[in-house]
Amino acid sequence: MKLITKNFRLNALANTYSAALYDHICQENGAPAFTINANSSPIKVEIVGGIAGLRELVDEFYLNALKKNYQGWEAAGIALMGKCLKGTVLTKSGLEIWHSMVNDMGNSVGEVQR
């Protein structure tokens with residue numbers, strides 16, 4: 001897996017966020033899977049590769065979005081990701097960002113379906 005940043009702190013936070021999120025998804029859904037909504041149709045997404053697979057989603061739908069939209073994206077990523085975790089536990093902000101990523105995934109799939 002090619003990481004989106006070489007910033008050690010941001011990578012460590014993204015890894016911890018991915019692990020906490022993976023645990024949350026597995027507990028919430030009973031499996032490493034979640035559902036997106038694409039054009040009002042639910043689509044089940046199975047996470048392939050465990051935590052590393054989820055980290056790829058975090059890179060694409062969280063960190064890449066920051067990189068495309070903010071000049072100081074790594075500093076912003078560290079600040080935002082820091083609010084997503086309390087130690088190794090997801091915070092309300094971490095869950096809100098996850099729900100935003102799920103919506104973005106649904107919108108991306110919906111665009112392809114059109």
# chains A, B, ... in the order shown; residues from 1 in each chain; ligands from 1
$ residues_around --residues "Asn103 of chain A" --least-positions-apart "4" --cutoff "7 Å" --atoms "only C-alpha atoms" --output "MDAnalysis selection string"
chainID A and resid 36 99 107
$ residues_around --residues "Lys44 of chain A" --least-positions-apart "4" --cutoff "10 Å" --atoms "only C-alpha atoms" --output "list of chain:residue names"
A:Ala33, A:Phe34, A:Thr35, A:Ile36, A:Asn37
$ closest_residue --among "A:Gly77, A:Gly72, A:Thr88, A:Ala38" --to "Asn11 of chain A" --atoms "only C-alpha atoms"
A:Gly77
$ closest_residue --among "A:Val109, A:Ala76, A:Leu54, A:Met81" --to "Ser41 of chain A" --atoms "only C-alpha atoms"
A:Val109
$ closest_residue --among "A:Ala14, A:Ala31, A:Leu85, A:Ala65" --to "Ser100 of chain A" --atoms "only C-alpha atoms"
A:Ala65
$ residues_around --residues "Ala79 of chain A" --least-positions-apart "4" --cutoff "12 Å" --atoms "only C-alpha atoms" --output "VMD selection string"
chain A and resid 9 to 10 13 to 14 66 72 to 75 83 to 85 93
$ residues_around --residues "Leu90 of chain A" --least-positions-apart "4" --cutoff "10 Å" --atoms "only C-alpha atoms" --output "list in words"
Thr16, Tyr17, Ser18, Ala19, Ala20, Leu21, Asp23, His24, Lys83, Cys84, Leu85, Lys86, Gly94, Leu95 and Glu96 of chain A
$ residues_around --residues "Phe61 of chain A" --least-positions-apart "6" --cutoff "10 Å" --atoms "only C-alpha atoms" --output "VMD selection string"
chain A and resid 55 97 to 98 100 to 105
$ select_by_dssp --residues "segment 5-105 of chain A" --states "strand (DSSP E)" --output "number ranges by chain"
A: 33-38, 41-46, 85-86, 89-90
$ closest_residue --among "A:Gly106, A:Ile78, A:Glu60, A:Glu111" --to "Pro42 of chain A" --atoms "only C-alpha atoms"
A:Gly106
$ residues_around --residues "Pro32 of chain A" --least-positions-apart "6" --cutoff "10 Å" --atoms "only C-alpha atoms" --output "VMD selection string"
chain A and resid 22 to 26 45 to 51 54
$ atom_distance --atom1 "atom CA of Gly82 of chain A" --atom2 "atom CA of Ala12 of chain A"
10.6 Å
$ decode --residues "segment 52-66 of chain A" --atoms "N, CA and C atoms" --output "PDB file, in the first residue's frame"
ATOM      1  N   ALA A  52      -5.709  -2.620   7.172  1.00  0.00           N
ATOM      2  CA  ALA A  52      -4.979  -2.026   6.044  1.00  0.00           C
ATOM      3  C   ALA A  52      -5.939  -1.651   4.918  1.00  0.00           C
ATOM      4  N   GLY A  53      -6.946  -2.477   4.689  1.00  0.00           N
ATOM      5  CA  GLY A  53      -7.951  -2.157   3.675  1.00  0.00           C
ATOM      6  C   GLY A  53      -8.745  -0.926   4.044  1.00  0.00           C
ATOM      7  N   LEU A  54      -9.070  -0.802   5.321  1.00  0.00           N
ATOM      8  CA  LEU A  54      -9.798   0.388   5.762  1.00  0.00           C
ATOM      9  C   LEU A  54      -8.904   1.616   5.689  1.00  0.00           C
ATOM     10  N   ARG A  55      -7.630   1.440   5.962  1.00  0.00           N
ATOM     11  CA  ARG A  55      -6.689   2.557   5.867  1.00  0.00           C
ATOM     12  C   ARG A  55      -6.658   3.105   4.440  1.00  0.00           C
ATOM     13  N   GLU A  56      -6.787   2.240   3.453  1.00  0.00           N
ATOM     14  CA  GLU A  56      -6.831   2.712   2.064  1.00  0.00           C
ATOM     15  C   GLU A  56      -8.047   3.611   1.840  1.00  0.00           C
ATOM     16  N   LEU A  57      -9.170   3.263   2.453  1.00  0.00           N
ATOM     17  CA  LEU A  57     -10.370   4.115   2.347  1.00  0.00           C
ATOM     18  C   LEU A  57     -10.151   5.449   3.058  1.00  0.00           C
ATOM     19  N   VAL A  58      -9.510   5.416   4.222  1.00  0.00           N
ATOM     20  CA  VAL A  58      -9.209   6.645   4.961  1.00  0.00           C
ATOM     21  C   VAL A  58      -8.291   7.531   4.121  1.00  0.00           C
ATOM     22  N   ASP A  59      -7.282   6.934   3.486  1.00  0.00           N
ATOM     23  CA  ASP A  59      -6.391   7.717   2.622  1.00  0.00           C
ATOM     24  C   ASP A  59      -7.160   8.361   1.478  1.00  0.00           C
ATOM     25  N   GLU A  60      -7.996   7.588   0.822  1.00  0.00           N
ATOM     26  CA  GLU A  60      -8.694   8.090  -0.365  1.00  0.00           C
ATOM     27  C   GLU A  60      -9.801   9.083  -0.037  1.00  0.00           C
ATOM     28  N   PHE A  61     -10.620   8.770   0.958  1.00  0.00           N
ATOM     29  CA  PHE A  61     -11.804   9.599   1.192  1.00  0.00           C
ATOM     30  C   PHE A  61     -11.648  10.613   2.309  1.00  0.00           C
ATOM     31  N   TYR A  62     -10.529  10.600   3.022  1.00  0.00           N
ATOM     32  CA  TYR A  62     -10.301  11.583   4.077  1.00  0.00           C
ATOM     33  C   TYR A  62      -9.038  12.386   3.760  1.00  0.00           C
ATOM     34  N   LEU A  63      -7.890  11.714   3.763  1.00  0.00           N
ATOM     35  CA  LEU A  63      -6.644  12.436   3.574  1.00  0.00           C
ATOM     36  C   LEU A  63      -6.506  13.018   2.170  1.00  0.00           C
ATOM     37  N   ASN A  64      -6.920  12.283   1.161  1.00  0.00           N
ATOM     38  CA  ASN A  64      -6.829  12.794  -0.208  1.00  0.00           C
ATOM     39  C   ASN A  64      -7.727  14.010  -0.410  1.00  0.00           C
ATOM     40  N   ALA A  65      -8.881  14.013   0.253  1.00  0.00           N
ATOM     41  CA  ALA A  65      -9.776  15.180   0.171  1.00  0.00           C
ATOM     42  C   ALA A  65      -9.100  16.403   0.793  1.00  0.00           C
ATOM     43  N   LEU A  66      -8.425  16.206   1.915  1.00  0.00           N
ATOM     44  CA  LEU A  66      -7.685  17.315   2.523  1.00  0.00           C
ATOM     45  C   LEU A  66      -6.570  17.786   1.602  1.00  0.00           C
TER      46      LEU A  66
END
